[in-house]
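Text of the file protein_31.cif, holding mmCIF, C-alpha atoms:
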```cif
data_data
#
loop_
_atom_site.label_atom_id
_atom_site.label_comp_id
_atom_site.auth_asym_id
_atom_site.auth_seq_id
_atom_site.Cartn_x
_atom_site.Cartn_y
_atom_site.Cartn_z
CA MET A 30 -145.95 80.52 176.58
CA ASN A 31 -143.69 83.04 174.87
CA THR A 32 -140.53 81.02 175.53
CA LEU A 33 -142.21 77.89 174.15
CA THR A 34 -142.96 79.76 170.92
CA ILE A 35 -139.37 80.94 170.69
CA PHE A 36 -137.92 77.45 171.10
CA LEU A 37 -140.37 75.61 168.87
CA GLY A 38 -141.41 78.20 166.32
CA MET A 39 -138.16 79.76 165.13
CA VAL A 40 -135.68 77.37 163.60
CA GLY A 41 -133.07 79.35 161.73
CA PRO A 42 -130.13 78.36 159.56
CA TRP A 43 -127.73 77.98 162.50
CA GLN A 44 -130.08 75.55 164.22
CA TRP A 45 -130.28 73.45 161.05
CA ILE A 46 -126.49 73.39 160.83
CA ILE A 47 -126.23 72.23 164.45
CA ILE A 48 -128.87 69.53 163.85
CA GLY A 49 -127.02 68.36 160.73
CA LEU A 50 -123.71 68.19 162.58
CA ALA A 51 -125.29 66.22 165.42
CA ILE A 52 -126.73 63.70 162.94
CA LEU A 53 -123.36 63.44 161.21
CA LEU A 54 -121.64 62.78 164.52
CA LEU A 55 -124.21 60.20 165.58
CA PHE A 56 -124.33 58.15 162.39
CA GLY A 57 -121.05 58.93 160.63
CA GLY A 58 -120.38 59.81 157.02
CA LYS A 59 -120.56 56.27 155.66
CA LYS A 60 -123.96 55.49 157.17
CA LEU A 61 -125.76 58.69 156.08
CA PRO A 62 -126.27 57.74 152.39
CA GLU A 63 -127.82 54.45 153.47
CA LEU A 64 -130.14 56.25 155.88
CA MET A 65 -131.22 58.77 153.24
CA LYS A 66 -131.80 55.99 150.71
CA GLY A 67 -134.00 54.16 153.20
CA LEU A 68 -135.89 57.33 154.06
CA GLY A 69 -136.48 58.13 150.39
CA GLY A 70 -137.70 54.60 149.72
CA GLY A 71 -140.08 54.79 152.67
CA ILE A 72 -141.54 58.08 151.48
CA LYS A 73 -141.91 56.68 147.96
CA GLU A 74 -143.78 53.60 149.23
CA PHE A 75 -146.01 55.75 151.45
CA LYS A 76 -147.02 57.94 148.51
CA LYS A 77 -147.69 54.87 146.37
CA ALA A 78 -149.85 53.28 149.06
CA ALA A 79 -151.78 56.51 149.61
CA GLN A 80 -152.42 56.81 145.88
CA GLU A 81 -153.57 53.18 145.63
CA ASP A 82 -155.90 53.71 148.59
CA ASP A 83 -157.49 56.70 146.84
CA ASP A 84 -157.91 54.67 143.66
CA ASP A 85 -159.60 51.85 145.60
CA ASP A 86 -162.01 54.31 147.21
CA ASP A 87 -162.91 55.74 143.79
CA GLU A 88 -163.59 52.24 142.43
CA LYS A 89 -165.88 51.42 145.37
CA LYS A 90 -167.86 54.61 144.81
CA ASP A 91 -168.21 53.81 141.11
CA LYS A 92 -169.52 50.31 141.91
CA LYS A 93 -172.11 51.71 144.34
CA ILE A 94 -173.34 54.16 141.70
CA ASP A 95 -173.56 51.40 139.06
CA LYS A 96 -175.68 49.17 141.36
CA LYS A 97 -178.33 51.87 141.80
#
```
Encoding of this model in structure tokens:
Amino acid sequence: MNTLTIFLGMVGPWQWIIIGLAILLLFGGKKLPELMKGLGGGIKEFKKAAQEDDDDDDEKKDKKIDKK
């Protein structure tokens, strides 16, 4: 259990550097901006959809209150 905590719980700056280098080697320098752009667009759309879903739920609650 202790070794599992060490491997999963403590990610320091050197580990992040190694992860970044591995990603750079896998995808290359030219492909990374495209990947980050796609990731950013996906996150943006997810936030927009989550916000719209909350707005729809609020409207449904308002309609139920008005009917009573």
Å distance separating CA of Leu64 in chain A from CA of Ala78 in chain A, one decimal place
21.1 Å
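In this model, the gap between CA of Gly57 in chain A and CA of Gln44 in chain A comes to 19.3 Å.
CA of Phe56 in chain A to CA of Lys76 in chain A spans 26.6 Å [interatomic distance, one decimal].
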